[in-house]
Number of protein chains: 2
Amino acid sequence: MQFEVLLSLLLCVFLALMDSTVRDVARRANVSISTVSRVLNNSAPVSEDKKRRVLKAIKELQFTPNPAARSLLGQATGTIGAILPHITGEFFADLLSGLDGAIKKHDYLLMVSASRRLERDFITALRGMYKRVDGLIIMAPELSAERVLTLIDSTVPVVFLNTHSATDGMFSINFDNRDGMVKIARHVADRGHTLAAFIGGPSDAFDAQERQQGFLETVPDGLRVICYPGDFTFESGYKNGQKILSLFPRPTVIVAANDLSALGAMRALLENGVSVPGEMAVTGFDGTRGAHFSTPSLTTVNVPIGELAANAVRVLVSQLSEESMETPPEITADLELIVRESSLKQYHPDSHAVV
Amino acid sequence: MQFEVLLSLLLCVFLALMDSTVRDVARRANVSISTVSRVLNNSAPVSEDKKRRVLKAIKELQFTPNPAARSLLGQATGTIGAILPHITGEFFADLLSGLDGAIKKHDYLLMVSASRRLERDFITALRGMYKRVDGLIIMAPELSAERVLTLIDSTVPVVFLNTHSATDGMFSINFDNRDGMVKIARHVADRGHTLAAFIGGPSDAFDAQERQQGFLETVPDGLRVICYPGDFTFESGYKNGQKILSLFPRPTVIVAANDLSALGAMRALLENGVSVPGEMAVTGFDGTRGAHFSTPSLTTVNVPIGELAANAVRVLVSQLSEESMETPPEITADLELIVRESSLKQYHPDSHAVV
DNA sequence: GAATTGTGAGCGCTCACAATT
DNA sequence: GAATTGTGAGCGCTCACAATT
């Protein structure tokens, strides 16, 4: 008796070593391969007895259906593709992490590629994912949704994330970049600043443009703004921070288009012995944890990244399962201003003249 | 003439709208499908004339081979899978970014999943990637390479990254966690500290264990160490930092098992008006940019993440292309100590007694 | 005749072999 | 006979239909 158990165990191990197919399962369960398929997909009733035998055989053989064969038929690959400008950096890492979590919940797998903001890389990624994914989540602030769609030859469902689109009826998840900066502008004005430096993002990125416009259009007449081009990196914030320090009269606040460049600017100030917010205030945008954790902590606008990622996945998956969309295809999230240490001090209209 | 051009253009657009197959290409080029396959794979000589016709037809139809059909045959999917503990956090984001870049260079695609350090999620990810990837890059410091291999039923090539393995002959890319901490320990001892607090990582993670052991085993008799359990997060560093502040006598240095928890501890100190490194020094581990950019900048041990990622991909790809491995399968990178502001001050044996 | 089963074609490709030049 | 081409089988599955109970 013991010997038999051992033998069957050994057999199992041996059988499991080689990849088995529906054929093997069918043979072992003594049924036809279509019965195996029926059990696998629950696509038609199967007698209790056969079902049990099939399930047993599947287990013994450690059978897993070959996804390639499946997708050759029904085209479903069980995979969702994401193309983002970058993977690194807190914003994108959190976005990707959110996508991963949400995609897991819907039993999909995640294929990922960074375009590095290069159209060439973007196209390569797109072509690579052709027929390998059931749907795409695309963030391309430097392109437009329309431009992206001309690059896609087949008819995969696409959900856009933080990507400009002029046309209606696109599935896109956005957040109000402009309004976020409007809130920063009001906050800065309230603090009594009269001269500000603005560190922008990449000039071809629509989110960077919207942020800059939102700020410049809201700022009152009494607040002069000097703009510096940047690229959303820590380094660009750092270098611009150094430049700003050499200005005379010196601005009393640096408004950066994102957290990372704000932290870079702040580092430049602290390194040069300029106290924040004592001598100069700093604000960011994105609501990253880096902004929360810095000393002093950074005033910013919170972008609910996890929520956006979950929404994007939800919209895409419901498209894939051909459910009718209840929610409108275009979702724009509101952003919340988070005031922290870096902009706490109240300035007075005259204070900076004395610096 | 103009009309003809327009017509053929329209035809092209029309044809490209539906996914075309080798069959369509063959028909259009007036050759057999195997000739198309030969052109596609360059697997046998084809006459110049036919080759030209095939390439023209491919272009006109915007034909892309269906990867599912291909992988059903030769099993190559052109995809590499990566399973990491997390996706978020600078260390993992940089790792992922490095993998993405290296994988792109070898013309593969990247499939990714976070195990969240849960064996259940790990297995789900593994099963999901079955037959969808040609090879796997796995980081699972909380498991061992041997344990992981028992979970994999098929025979995919695997390269381990920062994962413990007792057996020889594994393909694994590691870095010397122990030696890195030895360097930190020597540095701290050199600075004249006599009482240190150590903030550890997850107790089940082998890298966390090695770091802690490396530190404790190197520290000289004159330096007492109080250990605090942690989990590599900013929050665990922050909370432990607060606890450490209430100690009497107070340690003069906090050695954290990674940068993120070091930054958390530093934040706790600064928030409570304790100057770093004036009253207390802090050190990290990983060499993240967050450690570079903080104020004060953080002494740490640099882990060459991008290099490790590139190595992992290189080793895996050479396994896949069945080239004989010239390099030994096990690579362990040395780590460099980077001394920064957070641990600059020289303490004297007696100084802390006076606190 | 209704419930359950099996047979055979085919998804889009590649590869061995046979048939052409 | 050597170079180039085409034919047909089959990878592992699912689905329509026919055949069984």
# chains A, B, ... in the order shown; residues from 1 in each chain; ligands from 1
>>> interface_residues(of="chain A", to="chain B", cutoff="6 Å", atoms="only C-alpha atoms", output="list in words")
Ala68, Leu72, Ile87, Thr88, Ala93, Asp94, Ser97, Leu110, Met111 and Val112 of chain A
>>> write_last_selection(atoms="N, CA and C atoms", output="compact mmCIF listing (two decimals), in the first residue's frame")
# COMPACT_ATOMS: atom_id res chain seq x y z
N ALA A 68 -0.75 30.81 -25.47
CA ALA A 68 -0.55 31.14 -26.89
C ALA A 68 -1.63 30.48 -27.74
N LEU A 72 -4.57 32.49 -29.83
CA LEU A 72 -4.63 32.30 -31.28
C LEU A 72 -6.09 32.16 -31.71
N ILE A 87 9.63 54.95 -16.03
CA ILE A 87 9.24 54.00 -14.99
C ILE A 87 9.79 54.47 -13.66
N THR A 88 10.91 55.13 -13.74
CA THR A 88 11.59 55.56 -12.54
C THR A 88 11.02 56.89 -12.05
N ALA A 93 6.60 55.41 -10.53
CA ALA A 93 6.67 54.16 -9.79
C ALA A 93 5.35 53.90 -9.08
N ASP A 94 4.79 54.94 -8.48
CA ASP A 94 3.51 54.78 -7.79
C ASP A 94 2.39 54.48 -8.78
N SER A 97 2.79 50.92 -9.81
CA SER A 97 2.40 50.06 -8.69
C SER A 97 0.88 50.00 -8.59
N LEU A 110 0.48 42.33 -16.40
CA LEU A 110 0.92 43.66 -16.81
C LEU A 110 2.18 43.61 -17.66
N MET A 111 2.08 44.18 -18.85
CA MET A 111 3.26 44.35 -19.68
C MET A 111 3.57 45.84 -19.71
N VAL A 112 4.83 46.16 -19.58
CA VAL A 112 5.16 47.56 -19.37
C VAL A 112 6.30 48.02 -20.25
>>> closest_atom_pairs(of="chain B", to="chain D", cutoff="8 Å", atoms="only C-alpha atoms (C1' of nucleotides)", output="JSON lines")
{"residue": "B:Ser32", "atom": "CA", "partner": "D:DG6", "partner_atom": "C1'", "distance": 6.2}
{"residue": "B:Ser34", "atom": "CA", "partner": "D:DG6", "partner_atom": "C1'", "distance": 7.6}
{"residue": "B:Thr35", "atom": "CA", "partner": "D:DT5", "partner_atom": "C1'", "distance": 7.5}
{"residue": "B:Pro45", "atom": "CA", "partner": "D:DT4", "partner_atom": "C1'", "distance": 7.5}
{"residue": "B:Val46", "atom": "CA", "partner": "D:DT4", "partner_atom": "C1'", "distance": 6.8}
{"residue": "B:Ser47", "atom": "CA", "partner": "D:DT4", "partner_atom": "C1'", "distance": 7.2}
{"residue": "B:Leu72", "atom": "CA", "partner": "D:DC11", "partner_atom": "C1'", "distance": 5.2}
{"residue": "B:Leu73", "atom": "CA", "partner": "D:DC11", "partner_atom": "C1'", "distance": 4.8}
>>> residues_around(residues="Ile331 (chain B)", least_positions_apart="2", cutoff="12 Å", atoms="only C-alpha atoms (C1' of nucleotides)", output="compact mmCIF listing (two decimals) with N, CA, C and O atoms, in the first residue's frame")
# COMPACT_ATOMS: atom_id res chain seq x y z
N VAL B 159 16.91 33.74 -13.75
CA VAL B 159 18.05 34.41 -13.14
C VAL B 159 17.58 35.04 -11.85
O VAL B 159 16.56 35.75 -11.83
N PHE B 160 18.29 34.76 -10.77
CA PHE B 160 17.91 35.31 -9.49
C PHE B 160 18.68 36.60 -9.21
O PHE B 160 19.84 36.73 -9.58
N LEU B 161 17.98 37.48 -8.54
CA LEU B 161 18.57 38.78 -8.23
C LEU B 161 18.43 38.98 -6.73
O LEU B 161 17.31 38.91 -6.19
N ASN B 162 19.54 39.18 -6.05
CA ASN B 162 19.50 39.43 -4.62
C ASN B 162 18.60 38.42 -3.89
O ASN B 162 17.76 38.78 -3.09
N THR B 163 18.78 37.17 -4.22
CA THR B 163 17.99 36.10 -3.61
C THR B 163 18.95 35.03 -3.11
O THR B 163 19.88 34.65 -3.83
N GLY B 169 25.61 26.55 -9.04
CA GLY B 169 25.12 26.39 -10.39
C GLY B 169 23.86 27.16 -10.71
O GLY B 169 23.31 27.04 -11.79
N MET B 170 23.39 27.94 -9.76
CA MET B 170 22.25 28.82 -10.03
C MET B 170 22.75 30.04 -10.80
O MET B 170 23.87 30.50 -10.57
N PHE B 171 21.90 30.58 -11.62
CA PHE B 171 22.24 31.85 -12.23
C PHE B 171 21.75 32.93 -11.28
O PHE B 171 20.56 33.15 -11.15
N SER B 172 22.68 33.56 -10.62
CA SER B 172 22.23 34.58 -9.69
C SER B 172 23.15 35.79 -9.67
O SER B 172 24.36 35.68 -9.77
N ILE B 173 22.52 36.93 -9.57
CA ILE B 173 23.21 38.20 -9.53
C ILE B 173 23.01 38.74 -8.12
O ILE B 173 21.89 39.00 -7.70
N ASN B 174 24.08 38.89 -7.42
CA ASN B 174 23.95 39.37 -6.05
C ASN B 174 24.87 40.55 -5.79
O ASN B 174 25.73 40.87 -6.61
N PHE B 175 24.65 41.16 -4.65
CA PHE B 175 25.63 42.15 -4.20
C PHE B 175 25.92 41.84 -2.75
O PHE B 175 25.13 41.22 -2.04
N ASP B 176 27.07 42.28 -2.31
CA ASP B 176 27.55 41.81 -1.02
C ASP B 176 26.97 42.65 0.12
O ASP B 176 27.60 43.56 0.64
N GLU B 307 23.45 48.53 -13.10
CA GLU B 307 24.43 47.53 -13.52
C GLU B 307 23.93 46.12 -13.24
O GLU B 307 24.04 45.21 -14.07
N LEU B 308 23.36 45.94 -12.05
CA LEU B 308 22.83 44.63 -11.67
C LEU B 308 21.71 44.21 -12.61
O LEU B 308 21.65 43.06 -13.06
N ALA B 309 20.83 45.16 -12.90
CA ALA B 309 19.71 44.87 -13.80
C ALA B 309 20.23 44.46 -15.17
O ALA B 309 19.79 43.47 -15.75
N ASN B 311 23.12 43.24 -15.90
CA ASN B 311 23.76 41.92 -15.80
C ASN B 311 22.73 40.81 -15.80
O ASN B 311 22.91 39.79 -16.48
N ALA B 312 21.67 40.98 -15.04
CA ALA B 312 20.63 39.96 -14.95
C ALA B 312 20.06 39.69 -16.34
O ALA B 312 19.91 38.54 -16.76
N ARG B 314 21.45 40.37 -19.24
CA ARG B 314 22.49 39.82 -20.11
C ARG B 314 22.63 38.31 -19.89
O ARG B 314 22.67 37.52 -20.84
N VAL B 315 22.71 37.91 -18.64
CA VAL B 315 22.85 36.49 -18.32
C VAL B 315 21.64 35.70 -18.81
O VAL B 315 21.77 34.64 -19.41
N THR B 327 30.92 34.01 -18.79
CA THR B 327 31.01 34.49 -17.41
C THR B 327 30.44 33.44 -16.46
O THR B 327 29.57 32.68 -16.83
N PRO B 328 30.98 33.41 -15.25
CA PRO B 328 30.41 32.47 -14.28
C PRO B 328 28.97 32.86 -13.98
O PRO B 328 28.63 34.04 -14.02
N PRO B 329 28.14 31.88 -13.72
CA PRO B 329 26.73 32.17 -13.53
C PRO B 329 26.44 32.99 -12.29
O PRO B 329 25.44 33.66 -12.21
N ALA B 333 28.36 41.63 -6.83
CA ALA B 333 28.94 42.95 -6.99
C ALA B 333 29.45 43.48 -5.65
O ALA B 333 28.85 43.25 -4.61
N ASP B 334 30.57 44.16 -5.69
CA ASP B 334 31.08 44.84 -4.51
C ASP B 334 30.38 46.19 -4.37
O ASP B 334 29.97 46.79 -5.36
>>> select_by_dssp(residues="region 42-278 of chain B", states="strand (DSSP E or B)", output="ChimeraX atom specification")
/B:79-84,109-114,135-138,144,158-161,164,172-175,195-199,224-228,253-256
>>> write_last_selection(atoms="N, CA, C and O atoms", output="short mmCIF file (atom, residue, chain, number, x, y, z; two decimals), in the first residue's frame")
data_model
loop_
_atom_site.label_atom_id
_atom_site.label_comp_id
_atom_site.auth_asym_id
_atom_site.auth_seq_id
_atom_site.Cartn_x
_atom_site.Cartn_y
_atom_site.Cartn_z
N THR B 79 9.31 37.71 -24.70
CA THR B 79 8.97 38.43 -23.48
C THR B 79 9.78 37.88 -22.31
O THR B 79 10.00 36.68 -22.21
N ILE B 80 10.22 38.77 -21.45
CA ILE B 80 10.91 38.37 -20.23
C ILE B 80 10.07 38.81 -19.05
O ILE B 80 9.55 39.93 -19.04
N GLY B 81 9.91 37.94 -18.08
CA GLY B 81 9.10 38.27 -16.92
C GLY B 81 9.98 38.65 -15.74
O GLY B 81 11.06 38.11 -15.55
N ALA B 82 9.51 39.61 -14.96
CA ALA B 82 10.22 39.99 -13.74
C ALA B 82 9.25 39.95 -12.57
O ALA B 82 8.15 40.49 -12.66
N ILE B 83 9.65 39.28 -11.51
CA ILE B 83 8.84 39.27 -10.30
C ILE B 83 9.68 39.86 -9.17
O ILE B 83 10.73 39.34 -8.83
N LEU B 84 9.21 40.98 -8.64
CA LEU B 84 9.93 41.70 -7.60
C LEU B 84 9.04 41.81 -6.36
O LEU B 84 7.82 41.70 -6.47
N LEU B 109 10.33 42.14 -24.57
CA LEU B 109 9.34 42.94 -23.86
C LEU B 109 9.35 42.53 -22.40
O LEU B 109 9.77 41.43 -22.05
N LEU B 110 8.86 43.42 -21.57
CA LEU B 110 8.92 43.19 -20.13
C LEU B 110 7.54 42.98 -19.53
O LEU B 110 6.64 43.81 -19.68
N MET B 111 7.39 41.84 -18.86
CA MET B 111 6.16 41.59 -18.10
C MET B 111 6.54 41.66 -16.64
O MET B 111 7.58 41.12 -16.24
N VAL B 112 5.71 42.30 -15.85
CA VAL B 112 6.13 42.59 -14.49
C VAL B 112 5.05 42.27 -13.47
O VAL B 112 3.87 42.40 -13.76
N SER B 113 5.47 41.84 -12.30
CA SER B 113 4.50 41.65 -11.23
C SER B 113 5.16 41.81 -9.88
O SER B 113 6.30 41.40 -9.68
N ALA B 114 4.44 42.44 -8.96
CA ALA B 114 4.95 42.61 -7.60
C ALA B 114 4.37 41.51 -6.72
O ALA B 114 3.17 41.26 -6.75
N GLY B 135 11.80 33.69 -20.25
CA GLY B 135 12.70 33.57 -19.11
C GLY B 135 12.24 34.48 -17.99
O GLY B 135 11.45 35.40 -18.21
N LEU B 136 12.75 34.23 -16.79
CA LEU B 136 12.31 34.99 -15.62
C LEU B 136 13.48 35.62 -14.89
O LEU B 136 14.55 35.01 -14.76
N ILE B 137 13.26 36.83 -14.41
CA ILE B 137 14.19 37.46 -13.49
C ILE B 137 13.46 37.61 -12.17
O ILE B 137 12.41 38.25 -12.11
N ILE B 138 13.99 36.98 -11.15
CA ILE B 138 13.26 36.91 -9.89
C ILE B 138 14.07 37.48 -8.75
O ILE B 138 15.22 37.10 -8.52
N SER B 144 14.00 31.60 -0.84
CA SER B 144 15.31 31.24 -1.34
C SER B 144 15.16 30.79 -2.78
O SER B 144 14.06 30.48 -3.23
N VAL B 158 15.79 30.82 -15.36
CA VAL B 158 15.58 31.82 -14.32
C VAL B 158 16.90 32.44 -13.91
O VAL B 158 17.90 31.74 -13.78
N VAL B 159 16.91 33.74 -13.75
CA VAL B 159 18.05 34.41 -13.14
C VAL B 159 17.58 35.04 -11.85
O VAL B 159 16.56 35.75 -11.83
N PHE B 160 18.29 34.76 -10.77
CA PHE B 160 17.91 35.31 -9.49
C PHE B 160 18.68 36.60 -9.21
O PHE B 160 19.84 36.73 -9.58
N LEU B 161 17.98 37.48 -8.54
CA LEU B 161 18.57 38.78 -8.23
C LEU B 161 18.43 38.98 -6.73
O LEU B 161 17.31 38.91 -6.19
N HIS B 164 18.74 34.57 -1.91
CA HIS B 164 19.65 33.61 -1.31
C HIS B 164 19.58 32.26 -2.00
O HIS B 164 18.51 31.77 -2.31
N SER B 172 22.68 33.56 -10.62
CA SER B 172 22.23 34.58 -9.69
C SER B 172 23.15 35.79 -9.67
O SER B 172 24.36 35.68 -9.77
N ILE B 173 22.52 36.93 -9.57
CA ILE B 173 23.21 38.20 -9.53
C ILE B 173 23.01 38.74 -8.12
O ILE B 173 21.89 39.00 -7.70
N ASN B 174 24.08 38.89 -7.42
CA ASN B 174 23.95 39.37 -6.05
C ASN B 174 24.87 40.55 -5.79
O ASN B 174 25.73 40.87 -6.61
N PHE B 175 24.65 41.16 -4.65
CA PHE B 175 25.63 42.15 -4.20
C PHE B 175 25.92 41.84 -2.75
O PHE B 175 25.13 41.22 -2.04
N LEU B 195 27.94 54.39 21.16
CA LEU B 195 26.59 53.82 21.31
C LEU B 195 25.81 54.06 20.02
O LEU B 195 25.63 55.20 19.61
N ALA B 196 25.37 52.97 19.40
CA ALA B 196 24.66 53.08 18.12
C ALA B 196 23.29 52.42 18.20
O ALA B 196 23.09 51.49 18.98
N ALA B 197 22.36 52.92 17.39
CA ALA B 197 21.06 52.24 17.23
C ALA B 197 21.02 51.68 15.82
O ALA B 197 21.41 52.36 14.87
N PHE B 198 20.59 50.44 15.71
CA PHE B 198 20.50 49.81 14.39
C PHE B 198 19.03 49.56 14.06
O PHE B 198 18.32 48.91 14.82
N ILE B 199 18.59 50.08 12.92
CA ILE B 199 17.22 49.83 12.47
C ILE B 199 17.26 48.80 11.36
O ILE B 199 17.82 49.04 10.29
N ARG B 224 28.67 49.91 21.59
CA ARG B 224 27.46 49.15 21.93
C ARG B 224 26.37 49.42 20.91
O ARG B 224 26.24 50.54 20.42
N VAL B 225 25.58 48.39 20.60
CA VAL B 225 24.52 48.55 19.59
C VAL B 225 23.17 48.13 20.16
O VAL B 225 23.05 47.06 20.77
N ILE B 226 22.17 48.97 19.98
CA ILE B 226 20.79 48.60 20.34
C ILE B 226 20.03 48.39 19.03
O ILE B 226 20.03 49.28 18.16
N CYS B 227 19.39 47.23 18.88
CA CYS B 227 18.72 46.93 17.61
C CYS B 227 17.23 47.15 17.66
O CYS B 227 16.57 46.83 18.66
N TYR B 228 16.70 47.71 16.58
CA TYR B 228 15.26 47.92 16.44
C TYR B 228 14.80 47.20 15.18
O TYR B 228 15.39 47.38 14.12
N VAL B 253 24.60 57.67 16.91
CA VAL B 253 24.48 57.34 15.49
C VAL B 253 23.34 56.34 15.28
O VAL B 253 23.15 55.43 16.10
N ILE B 254 22.58 56.57 14.20
CA ILE B 254 21.56 55.60 13.80
C ILE B 254 22.02 54.96 12.50
O ILE B 254 22.25 55.66 11.51
N VAL B 255 22.17 53.65 12.54
CA VAL B 255 22.54 52.91 11.33
C VAL B 255 21.29 52.18 10.86
O VAL B 255 20.75 51.33 11.58
N ALA B 256 20.80 52.55 9.68
CA ALA B 256 19.58 51.92 9.18
C ALA B 256 19.94 50.93 8.08
O ALA B 256 20.93 51.09 7.38
#
>>> atom_distance(atom1="CA of Met181 (chain A)", atom2="CA of Asn272 (chain A)")
27.5 Å
>>> atom_distance(atom1="CA of Lys345 (chain B)", atom2="CA of Ala208 (chain B)")
26.7 Å
>>> select_by_dssp(residues="region 210-243 of chain A", states="helix (DSSP H, G or I)", output="list in words")
Glu210, Arg211, Gln212, Gln213, Gly214, Phe215, Leu216, Glu217, Thr218, Phe234, Glu235, Ser236, Gly237, Tyr238, Lys239, Asn240, Gly241, Gln242 and Lys243 of chain A
>>> write_last_selection(atoms="C-alpha atoms", output="compact mmCIF listing (two decimals), in the first residue's frame")
# COMPACT_ATOMS: atom_id res chain seq x y z
CA GLU A 210 -1.39 73.51 -18.27
CA ARG A 211 0.32 73.88 -14.94
CA GLN A 212 2.30 76.89 -16.08
CA GLN A 213 -0.74 78.54 -17.68
CA GLY A 214 -2.87 77.86 -14.61
CA PHE A 215 -0.32 79.62 -12.47
CA LEU A 216 0.37 82.59 -14.71
CA GLU A 217 -3.29 83.25 -15.43
CA THR A 218 -4.33 83.25 -11.79
CA PHE A 234 15.55 67.06 -9.40
CA GLU A 235 18.58 68.32 -11.23
CA SER A 236 16.67 70.93 -13.21
CA GLY A 237 15.15 72.17 -9.95
CA TYR A 238 18.56 72.28 -8.33
CA LYS A 239 20.18 74.25 -11.13
CA ASN A 240 17.30 76.67 -11.44
CA GLY A 241 17.34 77.09 -7.66
CA GLN A 242 20.95 78.22 -7.86
CA LYS A 243 20.14 80.69 -10.62
